[in-house]
$ cat my_file-v1.cif   # mmCIF, C-alpha atoms
data_entry
#
loop_
_atom_site.group_PDB
_atom_site.id
_atom_site.type_symbol
_atom_site.label_atom_id
_atom_site.label_comp_id
_atom_site.auth_asym_id
_atom_site.auth_seq_id
_atom_site.Cartn_x
_atom_site.Cartn_y
_atom_site.Cartn_z
ATOM 1 C CA MET A 1 96.842 127.887 87.824
ATOM 2 C CA SER A 2 94.077 130.307 88.743
ATOM 3 C CA GLU A 3 90.959 129.031 90.425
ATOM 4 C CA PRO A 4 87.678 129.317 88.486
ATOM 5 C CA ARG A 5 85.907 132.498 89.519
ATOM 6 C CA GLU A 6 82.366 132.321 90.811
ATOM 7 C CA ARG A 7 79.911 133.835 88.336
ATOM 8 C CA VAL A 8 78.400 137.109 89.532
ATOM 9 C CA PRO A 9 74.676 137.122 88.705
ATOM 10 C CA ALA A 10 73.327 139.906 86.508
ATOM 11 C CA PRO A 11 71.206 142.524 88.354
ATOM 12 C CA ALA A 12 67.961 141.208 86.832
ATOM 13 C CA GLU A 13 68.832 137.646 87.787
ATOM 14 C CA ALA A 14 69.783 138.707 91.311
ATOM 15 C CA ARG A 15 66.515 140.604 91.679
ATOM 16 C CA ALA A 16 64.483 137.640 90.417
ATOM 17 C CA ARG A 17 66.268 135.453 92.959
ATOM 18 C CA ARG A 18 65.526 137.925 95.759
ATOM 19 C CA LEU A 19 61.844 138.056 94.788
ATOM 20 C CA ARG A 20 61.670 134.265 95.163
ATOM 21 C CA ALA A 21 63.536 134.173 98.495
ATOM 22 C CA PRO A 22 61.639 132.145 101.138
ATOM 23 C CA LEU A 23 61.611 135.019 103.632
ATOM 24 C CA LEU A 24 60.064 137.444 101.138
ATOM 25 C CA VAL A 25 57.520 134.859 99.939
ATOM 26 C CA THR A 26 56.583 134.202 103.580
ATOM 27 C CA LEU A 27 56.249 137.934 104.164
ATOM 28 C CA TRP A 28 53.963 138.343 101.122
ATOM 29 C CA ALA A 29 51.818 135.398 102.219
ATOM 30 C CA LEU A 30 51.421 136.771 105.747
ATOM 31 C CA LEU A 31 50.721 140.252 104.426
ATOM 32 C CA ALA A 32 48.041 138.842 102.113
ATOM 33 C CA ILE A 33 46.425 136.947 105.006
ATOM 34 C CA GLU A 34 46.502 140.058 107.202
ATOM 35 C CA ALA A 35 45.194 142.336 104.455
ATOM 36 C CA ALA A 36 42.314 140.046 103.447
ATOM 37 C CA GLY A 37 41.470 139.241 107.069
ATOM 38 C CA GLY A 38 41.660 142.882 108.118
ATOM 39 C CA LEU A 39 39.339 143.984 105.315
ATOM 40 C CA VAL A 40 36.826 141.248 106.164
ATOM 41 C CA ILE A 41 36.949 142.088 109.873
ATOM 42 C CA SER A 42 36.582 145.820 109.358
ATOM 43 C CA PHE A 43 33.659 145.351 106.918
ATOM 44 C CA ALA A 44 31.862 142.751 109.076
ATOM 45 C CA ARG A 45 32.464 144.674 112.296
ATOM 46 C CA LEU A 46 30.846 147.771 110.892
ATOM 47 C CA ALA A 47 28.043 146.127 108.928
ATOM 48 C CA ALA A 48 27.126 143.297 111.310
ATOM 49 C CA GLY A 49 29.058 143.833 114.562
ATOM 50 C CA ALA A 50 30.982 140.593 113.985
ATOM 51 C CA THR A 51 34.743 139.981 113.824
ATOM 52 C CA PRO A 52 35.214 136.750 111.856
ATOM 53 C CA GLY A 53 38.697 135.247 111.918
ATOM 54 C CA ILE A 54 40.109 137.688 114.458
ATOM 55 C CA ALA A 55 42.170 134.982 116.216
ATOM 56 C CA LEU A 56 43.893 134.132 112.922
ATOM 57 C CA HIS A 57 44.427 137.859 112.301
ATOM 58 C CA VAL A 58 46.186 138.266 115.663
ATOM 59 C CA VAL A 59 48.324 135.127 115.359
ATOM 60 C CA ALA A 60 49.326 135.927 111.766
ATOM 61 C CA GLY A 61 50.081 139.477 112.952
ATOM 62 C CA PHE A 62 52.676 138.119 115.391
ATOM 63 C CA ALA A 63 54.227 135.996 112.647
ATOM 64 C CA LEU A 64 54.171 138.988 110.273
ATOM 65 C CA THR A 65 56.050 141.065 112.849
ATOM 66 C CA LEU A 66 58.873 138.535 113.037
ATOM 67 C CA ALA A 67 59.060 138.028 109.260
ATOM 68 C CA TRP A 68 58.934 141.752 108.550
ATOM 69 C CA ALA A 69 61.593 142.610 111.147
ATOM 70 C CA ALA A 70 63.940 140.019 109.658
ATOM 71 C CA TYR A 71 63.226 141.144 106.093
ATOM 72 C CA GLN A 72 63.463 144.877 106.843
ATOM 73 C CA TRP A 73 66.817 144.401 108.545
ATOM 74 C CA THR A 74 68.392 142.634 105.572
ATOM 75 C CA HIS A 75 66.613 144.864 103.045
ATOM 76 C CA TRP A 76 67.922 148.065 104.608
ATOM 77 C CA HIS A 77 71.469 146.718 104.843
ATOM 78 C CA ARG A 78 71.289 145.952 101.135
ATOM 79 C CA VAL A 79 69.869 149.310 99.967
ATOM 80 C CA ALA A 80 71.527 151.685 102.514
ATOM 81 C CA PRO A 81 72.494 154.521 102.514
ATOM 82 C CA TRP A 82 69.445 156.703 102.033
ATOM 83 C CA ARG A 83 69.006 158.187 98.555
ATOM 84 C CA PRO A 84 66.618 161.040 97.681
ATOM 85 C CA ARG A 85 64.625 158.931 95.228
ATOM 86 C CA LEU A 86 60.939 158.154 94.781
ATOM 87 C CA ASP A 87 61.287 154.441 95.603
ATOM 88 C CA TYR A 88 63.159 155.309 98.807
ATOM 89 C CA VAL A 89 60.510 157.829 99.894
ATOM 90 C CA LEU A 90 57.723 155.314 99.237
ATOM 91 C CA GLY A 91 59.668 152.568 101.021
ATOM 92 C CA LEU A 92 60.223 154.785 104.055
ATOM 93 C CA ILE A 93 56.514 155.656 104.263
ATOM 94 C CA GLY A 94 55.626 151.970 103.819
ATOM 95 C CA ALA A 95 58.063 150.826 106.533
ATOM 96 C CA SER A 96 56.945 153.551 108.970
ATOM 97 C CA SER A 97 53.315 152.626 108.344
ATOM 98 C CA MET A 98 54.082 148.947 108.931
ATOM 99 C CA LEU A 99 55.721 149.809 112.243
ATOM 100 C CA LEU A 100 52.693 151.853 113.344
ATOM 101 C CA ALA A 101 50.175 149.270 112.052
ATOM 102 C CA LEU A 102 51.907 146.498 113.989
ATOM 103 C CA ALA A 103 52.322 148.650 117.109
ATOM 104 C CA SER A 104 48.630 149.638 117.090
ATOM 105 C CA GLY A 105 47.725 145.993 116.446
ATOM 106 C CA PHE A 106 49.721 144.930 119.511
ATOM 107 C CA ALA A 107 48.030 147.681 121.519
ATOM 108 C CA LEU A 108 44.599 146.330 120.447
ATOM 109 C CA ALA A 109 45.443 142.681 121.101
ATOM 110 C CA PRO A 110 44.973 142.769 124.921
ATOM 111 C CA ALA A 111 41.344 143.915 124.501
ATOM 112 C CA TRP A 112 40.750 140.907 122.209
ATOM 113 C CA TRP A 113 42.519 138.511 124.595
ATOM 114 C CA ASN A 114 40.627 139.735 127.675
ATOM 115 C CA ALA A 115 37.267 139.400 125.936
ATOM 116 C CA ARG A 116 37.991 136.188 123.988
ATOM 117 C CA ASP A 117 35.368 134.184 125.909
ATOM 118 C CA ALA A 118 32.826 137.004 126.205
ATOM 119 C CA ALA A 119 29.613 136.957 124.194
ATOM 120 C CA THR A 120 29.938 140.606 123.187
ATOM 121 C CA ALA A 121 32.561 142.242 120.976
ATOM 122 C CA PRO A 122 35.712 143.461 122.773
ATOM 123 C CA PRO A 123 35.682 147.171 123.719
ATOM 124 C CA TYR A 124 38.384 148.308 121.303
ATOM 125 C CA PRO A 125 39.315 151.993 121.778
ATOM 126 C CA ALA A 126 37.850 153.769 118.725
ATOM 127 C CA GLY A 127 40.865 156.038 118.126
ATOM 128 C CA LEU A 128 43.361 153.182 118.298
ATOM 129 C CA SER A 129 41.195 150.983 116.110
ATOM 130 C CA GLY A 130 40.885 153.787 113.540
ATOM 131 C CA ALA A 131 44.653 154.385 113.605
ATOM 132 C CA HIS A 132 45.275 150.649 113.065
ATOM 133 C CA ASN A 133 42.941 150.639 110.048
ATOM 134 C CA VAL A 134 44.546 153.715 108.503
ATOM 135 C CA MET A 135 48.116 152.546 109.048
ATOM 136 C CA SER A 136 47.236 149.133 107.593
ATOM 137 C CA MET A 137 45.798 150.886 104.566
ATOM 138 C CA PHE A 138 48.997 152.935 104.267
ATOM 139 C CA VAL A 139 51.020 149.724 104.354
ATOM 140 C CA LEU A 140 49.101 148.233 101.430
ATOM 141 C CA THR A 141 49.206 151.485 99.469
ATOM 142 C CA PHE A 142 52.816 152.485 99.955
ATOM 143 C CA VAL A 143 54.360 149.012 99.947
ATOM 144 C CA GLY A 144 52.485 148.406 96.681
ATOM 145 C CA ALA A 145 53.652 151.742 95.247
ATOM 146 C CA HIS A 146 57.231 151.059 96.430
ATOM 147 C CA LEU A 147 57.246 147.661 94.749
ATOM 148 C CA PHE A 148 55.799 149.059 91.511
ATOM 149 C CA ALA A 149 58.341 151.897 91.541
ATOM 150 C CA VAL A 150 61.279 149.516 92.026
ATOM 151 C CA LEU A 151 60.112 147.018 89.395
ATOM 152 C CA HIS A 152 59.281 149.783 86.941
ATOM 153 C CA ARG A 153 62.698 151.361 87.463
ATOM 154 C CA ALA A 154 64.372 147.988 86.921
ATOM 155 C CA ALA A 155 62.357 147.307 83.768
ATOM 156 C CA ARG A 156 63.288 150.724 82.416
ATOM 157 C CA ALA A 157 66.965 150.094 83.111
ATOM 158 C CA ARG A 158 66.820 146.896 81.018
ATOM 159 C CA ILE A 159 65.405 148.670 77.942
ATOM 160 C CA MET B 1 21.261 167.039 114.579
ATOM 161 C CA ALA B 2 24.432 169.075 115.211
ATOM 162 C CA ILE B 3 27.055 168.357 112.582
ATOM 163 C CA PRO B 4 30.530 167.703 114.052
ATOM 164 C CA ALA B 5 33.071 170.284 112.841
ATOM 165 C CA PHE B 6 35.465 167.561 111.658
ATOM 166 C CA SER B 7 32.679 166.016 109.549
ATOM 167 C CA ILE B 8 32.125 169.323 107.774
ATOM 168 C CA PHE B 9 35.864 169.808 107.316
ATOM 169 C CA SER B 10 36.216 166.309 105.903
ATOM 170 C CA ALA B 11 33.234 166.673 103.548
ATOM 171 C CA VAL B 12 34.629 169.947 102.149
ATOM 172 C CA SER B 13 38.258 168.846 102.003
ATOM 173 C CA GLU B 14 37.248 165.693 100.065
ATOM 174 C CA LEU B 15 36.097 168.019 97.293
ATOM 175 C CA LEU B 16 39.377 169.921 97.391
ATOM 176 C CA VAL B 17 41.321 166.654 97.299
ATOM 177 C CA THR B 18 39.246 165.593 94.296
ATOM 178 C CA ALA B 19 40.120 168.878 92.581
ATOM 179 C CA GLY B 20 43.780 168.093 93.306
ATOM 180 C CA VAL B 21 43.483 164.567 91.891
ATOM 181 C CA LEU B 22 41.840 165.893 88.722
ATOM 182 C CA TYR B 23 44.562 168.544 88.416
ATOM 183 C CA VAL B 24 47.320 165.927 88.685
ATOM 184 C CA VAL B 25 45.699 163.698 86.046
ATOM 185 C CA ARG B 26 44.848 166.647 83.795
ATOM 186 C CA ARG B 27 48.420 167.964 83.805
ATOM 187 C CA ASN B 28 49.741 164.562 82.790
ATOM 188 C CA TRP B 29 46.983 164.173 80.203
ATOM 189 C CA THR B 30 47.925 167.527 78.638
ATOM 190 C CA ARG B 31 51.632 166.577 78.634
ATOM 191 C CA ARG B 32 52.776 168.984 81.297
ATOM 192 C CA THR B 33 55.197 168.431 84.169
ATOM 193 C CA PHE B 34 53.984 165.953 86.771
ATOM 194 C CA PRO B 35 53.364 167.891 90.017
ATOM 195 C CA PHE B 36 55.055 165.376 92.302
ATOM 196 C CA ALA B 37 55.048 167.534 95.451
ATOM 197 C CA LEU B 38 51.326 168.191 95.054
ATOM 198 C CA PHE B 39 50.685 164.492 94.380
ATOM 199 C CA LEU B 40 52.521 163.455 97.553
ATOM 200 C CA ALA B 41 50.803 166.176 99.596
ATOM 201 C CA ILE B 42 47.380 165.023 98.360
ATOM 202 C CA ALA B 43 48.197 161.369 99.060
ATOM 203 C CA LEU B 44 49.381 162.064 102.618
ATOM 204 C CA PHE B 45 46.608 164.552 103.415
ATOM 205 C CA GLU B 46 43.905 162.226 102.123
ATOM 206 C CA GLY B 47 45.334 159.339 104.132
ATOM 207 C CA LEU B 48 46.176 161.128 107.363
ATOM 208 C CA VAL B 49 43.130 163.397 107.554
ATOM 209 C CA ASN B 50 40.196 162.133 105.532
ATOM 210 C CA VAL B 51 40.759 158.404 105.698
ATOM 211 C CA MET B 52 41.747 158.756 109.361
ATOM 212 C CA TYR B 53 38.441 160.539 109.927
ATOM 213 C CA MET B 54 36.543 157.800 108.091
ATOM 214 C CA ALA B 55 38.349 155.034 109.974
ATOM 215 C CA GLY B 56 37.701 156.777 113.289
ATOM 216 C CA ARG B 57 34.004 157.142 112.523
ATOM 217 C CA SER B 58 33.780 153.504 111.425
ATOM 218 C CA ALA B 59 35.543 152.414 114.600
ATOM 219 C CA GLU B 60 33.095 154.444 116.684
ATOM 220 C CA ALA B 61 30.158 152.900 114.832
ATOM 221 C CA SER B 62 31.622 149.429 115.366
ATOM 222 C CA ALA B 63 32.382 150.053 119.038
ATOM 223 C CA GLY B 64 28.765 150.620 119.931
ATOM 224 C CA HIS B 65 28.944 154.414 120.131
ATOM 225 C CA PRO B 66 25.509 155.635 121.363
ATOM 226 C CA ALA B 67 24.779 157.619 118.198
ATOM 227 C CA ALA B 68 25.969 154.780 115.984
ATOM 228 C CA ALA B 69 23.820 152.185 117.745
ATOM 229 C CA ALA B 70 20.743 153.837 116.249
ATOM 230 C CA LEU B 71 22.079 153.710 112.681
ATOM 231 C CA PRO B 72 20.043 151.628 110.229
ATOM 232 C CA VAL B 73 21.789 148.480 109.003
ATOM 233 C CA ALA B 74 21.584 149.701 105.396
ATOM 234 C CA MET B 75 23.564 152.802 106.314
ATOM 235 C CA LYS B 76 26.168 150.722 108.139
ATOM 236 C CA ILE B 77 26.570 148.558 105.042
ATOM 237 C CA GLY B 78 26.782 151.762 102.991
ATOM 238 C CA PHE B 79 29.543 153.037 105.315
ATOM 239 C CA ALA B 80 31.471 149.804 104.947
ATOM 240 C CA ALA B 81 31.089 149.669 101.149
ATOM 241 C CA HIS B 82 32.101 153.316 100.838
ATOM 242 C CA GLY B 83 35.153 152.614 103.016
ATOM 243 C CA LEU B 84 36.283 149.709 100.858
ATOM 244 C CA LEU B 85 35.790 151.598 97.599
ATOM 245 C CA SER B 86 37.594 154.669 98.970
ATOM 246 C CA LEU B 87 40.490 152.479 100.058
ATOM 247 C CA LEU B 88 40.707 150.922 96.595
ATOM 248 C CA ALA B 89 40.503 154.300 94.813
ATOM 249 C CA TYR B 90 43.139 155.751 97.122
ATOM 250 C CA MET B 91 45.555 152.871 96.584
ATOM 251 C CA VAL B 92 45.113 153.027 92.824
ATOM 252 C CA PHE B 93 45.715 156.802 92.843
ATOM 253 C CA VAL B 94 49.019 156.441 94.701
ATOM 254 C CA VAL B 95 50.252 153.592 92.511
ATOM 255 C CA LEU B 96 49.216 155.250 89.221
ATOM 256 C CA GLY B 97 50.664 158.598 90.316
ATOM 257 C CA THR B 98 53.959 156.892 91.145
ATOM 258 C CA LEU B 99 54.095 155.218 87.743
ATOM 259 C CA ALA B 100 53.088 158.474 85.967
ATOM 260 C CA HIS B 101 55.922 160.292 87.708
ATOM 261 C CA GLN B 102 58.448 157.662 86.650
ATOM 262 C CA GLU B 103 57.140 157.447 83.084
ATOM 263 C CA GLN B 104 57.401 161.176 82.694
ATOM 264 C CA GLU B 105 61.122 161.013 83.413
ATOM 265 C CA ARG B 106 61.479 159.173 80.087
ATOM 266 C CA GLY B 107 59.162 161.583 78.301
ATOM 267 C CA ARG B 108 56.033 159.429 78.428
ATOM 268 C CA TRP B 109 52.583 160.410 79.634
ATOM 269 C CA PHE B 110 51.166 157.591 81.660
ATOM 270 C CA PHE B 111 47.542 158.715 81.974
ATOM 271 C CA ARG B 112 47.359 160.009 78.396
ATOM 272 C CA GLU B 113 48.660 156.714 76.997
ATOM 273 C CA ARG B 114 46.218 154.600 79.044
ATOM 274 C CA PRO B 115 42.821 156.257 78.602
ATOM 275 C CA ALA B 116 40.792 153.179 79.634
ATOM 276 C CA MET B 117 42.717 152.823 82.886
ATOM 277 C CA THR B 118 42.582 156.560 83.526
ATOM 278 C CA TRP B 119 38.845 156.822 82.973
ATOM 279 C CA SER B 120 38.172 153.700 85.057
ATOM 280 C CA PHE B 121 40.164 155.204 87.899
ATOM 281 C CA LEU B 122 38.384 158.554 87.610
ATOM 282 C CA VAL B 123 34.971 156.850 87.647
ATOM 283 C CA ALA B 124 35.922 154.805 90.746
ATOM 284 C CA TRP B 125 37.269 157.923 92.452
ATOM 285 C CA THR B 126 34.118 159.895 91.614
ATOM 286 C CA VAL B 127 31.846 157.136 92.915
ATOM 287 C CA SER B 128 33.827 156.961 96.171
ATOM 288 C CA ILE B 129 33.626 160.738 96.666
ATOM 289 C CA VAL B 130 29.954 161.025 95.696
ATOM 290 C CA SER B 131 29.027 158.117 97.994
ATOM 291 C CA GLY B 132 30.899 159.808 100.861
ATOM 292 C CA GLU B 133 29.109 163.105 100.274
ATOM 293 C CA ALA B 134 25.783 161.245 99.976
ATOM 294 C CA ILE B 135 26.396 159.574 103.350
ATOM 295 C CA PHE B 136 27.161 162.988 104.852
ATOM 296 C CA VAL B 137 23.910 164.421 103.461
ATOM 297 C CA LEU B 138 21.803 161.416 104.535
ATOM 298 C CA ARG B 139 23.350 161.363 107.983
ATOM 299 C CA TYR B 140 23.231 165.033 108.834
ATOM 300 C CA LEU B 141 21.060 166.985 106.426
ATOM 301 C CA VAL B 142 18.050 164.808 105.660
#
$ encode --input "my_file-v1.cif" --output "structure tokens"
Amino acid sequence: MSEPRERVPAPAEARARRLRAPLLVTLWALLAIEAAGGLVISFARLAAGATPGIALHVVAGFALTLAWAAYQWTHWHRVAPWRPRLDYVLGLIGASSMLLALASGFALAPAWWNARDAATAPPYPAGLSGAHNVMSMFVLTFVGAHLFAVLHRAARARI
Amino acid sequence: MAIPAFSIFSAVSELLVTAGVLYVVRRNWTRRTFPFALFLAIALFEGLVNVMYMAGRSAEASAGHPAAAALPVAMKIGFAAHGLLSLLAYMVFVVLGTLAHQEQERGRWFFRERPAMTWSFLVAWTVSIVSGEAIFVLRYLV
């Protein structure tokens, strides 16, 4: 007598399950915290010379690094090998930007740590700070475009 | 006040980028092939050159650069607001361009079929560019 075979989920069902996976939800939550916090900090720093919530931004940045590294590893092993497609190009730009945004964030963190008890704002190097802002903006733009491209492609395949 | 060469380059290239954005939208609107290579080139150039310039200038202003220390608060708020709006317009351009490219593969014209969204985007883009040029004029020419 043959054993009952395990049901293979349909692609749409599998994708829906992946989108609800705890690691991805954690990653989205941390990215949202970092994006909102980063925008507030960059606006307030320029307009008022203040950096509200910078400690949370740094701590969440460390957590984001761990969550993203874990997610990116599994994501790439699922979608490899490279394909010359729009969603792949956008994903590659998004992942590269994330790497550079996190690296520049780590490079800025010591200035924050050394000046955490000082009354004045930390002396962040302007070039590094600018690069961190731009790479963070690239992350939001290209990760968003990558997600839209993938979901749009999937929706089109269902029609 | 001497105008930094990169500021002039950025102010002029913003206009060229805007011409490129209008060209991309116009081609889609008139049901012609989506210029994907041009779209990607505009997106990367705008991000790596113009937004990098803006972020660098903002960082200088925030870091207590001598010239920036004398800036009026209103202009600093204007810088910050312009930065946020430019970021939003840029993100929307990349996402809409991506969707337009994909829609065209099934013979649909994304911008043409969504006039309200298209015009809203173009207005936001125009405001972000005009505010950037206005800041340049107020900072260096007035």
$ interface_residues --input "my_file-v1.cif" --of "chain A" --to "chain B" --cutoff "6 Å" --atoms "all atoms listed in the file" --output "PyMOL selection string"
chain A and resi 43+45-47+126-127+130+134+141+145
$ residues_around --input "my_file-v1.cif" --residues "Leu102 of chain A" --least-positions-apart "2" --cutoff "9 Å" --atoms "only C-alpha atoms" --output "list in words"
Gly61, Phe62, Leu64, Thr65, Ser97, Met98, Leu99, Leu100, Ser104, Gly105, Phe106, Ala107, His132, Met135 and Ser136 of chain A
$ resolve_selection --input "my_file-v1.cif" --expression "the PyMOL selection byres ((chain A and resi 69-76) around 12)" --output "PyMOL selection string"
chain A and resi 18-19+21-28+62-68+77-83+88+91-92+94-96+98-99+102
$ resolve_selection --input "my_file-v1.cif" --expression "the PyMOL selection byres ((chain A and resi 109) around 12)" --output "list in words"
Ile54, Ala55, Leu56, His57, Val58, Val59, Gly61, Phe62, Leu102, Ala103, Ser104, Gly105, Phe106, Ala107, Leu108, Pro110, Ala111, Trp112, Trp113, Asn114, Ala115, Arg116, Pro122, Pro123, Tyr124, Pro125, Leu128, Ser129 and His132 of chain A
$ atom_distance --input "my_file-v1.cif" --atom1 "atom CA of Thr120 of chain A" --atom2 "atom CA of His82 of chain B"
25.8 Å
$ closest_residue --input "my_file-v1.cif" --among "B:Val127, B:Ile42, B:Val12, B:Val24" --to "Trp109 of chain B" --atoms "all atoms listed in the file"
B:Val24
$ axis_aligned_box --input "my_file-v1.cif" --around "segment 30-43 of chain B" --padding-each-side "3 Å" --output "lines of an AutoDock Vina configuration file"
center_x = 51.3
center_y = 165.2
center_z = 89.1
size_x = 13.8
size_y = 13.6
size_z = 27.0
$ closest_residue --input "my_file-v1.cif" --among "A:Gly53, A:Pro84, A:Leu151, A:Ala48" --to "Ala36 of chain A" --atoms "all atoms listed in the file"
A:Gly53
$ resolve_selection --input "my_file-v1.cif" --expression "the PyMOL selection byres ((chain B and resi 33) around 10)" --output "MDAnalysis selection string"
chainID B and resid 24 27:28 30:32 34:36 101 104:105 107 109
$ write_last_selection --input "my_file-v1.cif" --atoms "C-alpha atoms" --output "short mmCIF file (atom, residue, chain, number, x, y, z; two decimals), in the frame of the given file"
data_model
loop_
_atom_site.label_atom_id
_atom_site.label_comp_id
_atom_site.auth_asym_id
_atom_site.auth_seq_id
_atom_site.Cartn_x
_atom_site.Cartn_y
_atom_site.Cartn_z
CA VAL B 24 47.32 165.93 88.68
CA ARG B 27 48.42 167.96 83.80
CA ASN B 28 49.74 164.56 82.79
CA THR B 30 47.92 167.53 78.64
CA ARG B 31 51.63 166.58 78.63
CA ARG B 32 52.78 168.98 81.30
CA PHE B 34 53.98 165.95 86.77
CA PRO B 35 53.36 167.89 90.02
CA PHE B 36 55.06 165.38 92.30
CA HIS B 101 55.92 160.29 87.71
CA GLN B 104 57.40 161.18 82.69
CA GLU B 105 61.12 161.01 83.41
CA GLY B 107 59.16 161.58 78.30
CA TRP B 109 52.58 160.41 79.63
#
$ residues_around --input "my_file-v1.cif" --residues "segment 111-125 of chain B" --least-positions-apart "6" --cutoff "7 Å" --atoms "all atoms listed in the file" --output "VMD selection string"
chain B and resid 25 28 to 29 89 100
$ closest_residue --input "my_file-v1.cif" --among "A:Ala131, A:Val150, A:Leu90, A:Ala50" --to "Ala12 of chain A" --atoms "only C-alpha atoms"
A:Val150
$ atom_distance --input "my_file-v1.cif" --atom1 "atom CA of Glu133 of chain B" --atom2 "atom CA of Phe142 of chain A"
26.0 Å
$ atom_distance --input "my_file-v1.cif" --atom1 "atom CA of Ala41 of chain B" --atom2 "atom CA of Ser131 of chain B"
23.3 Å
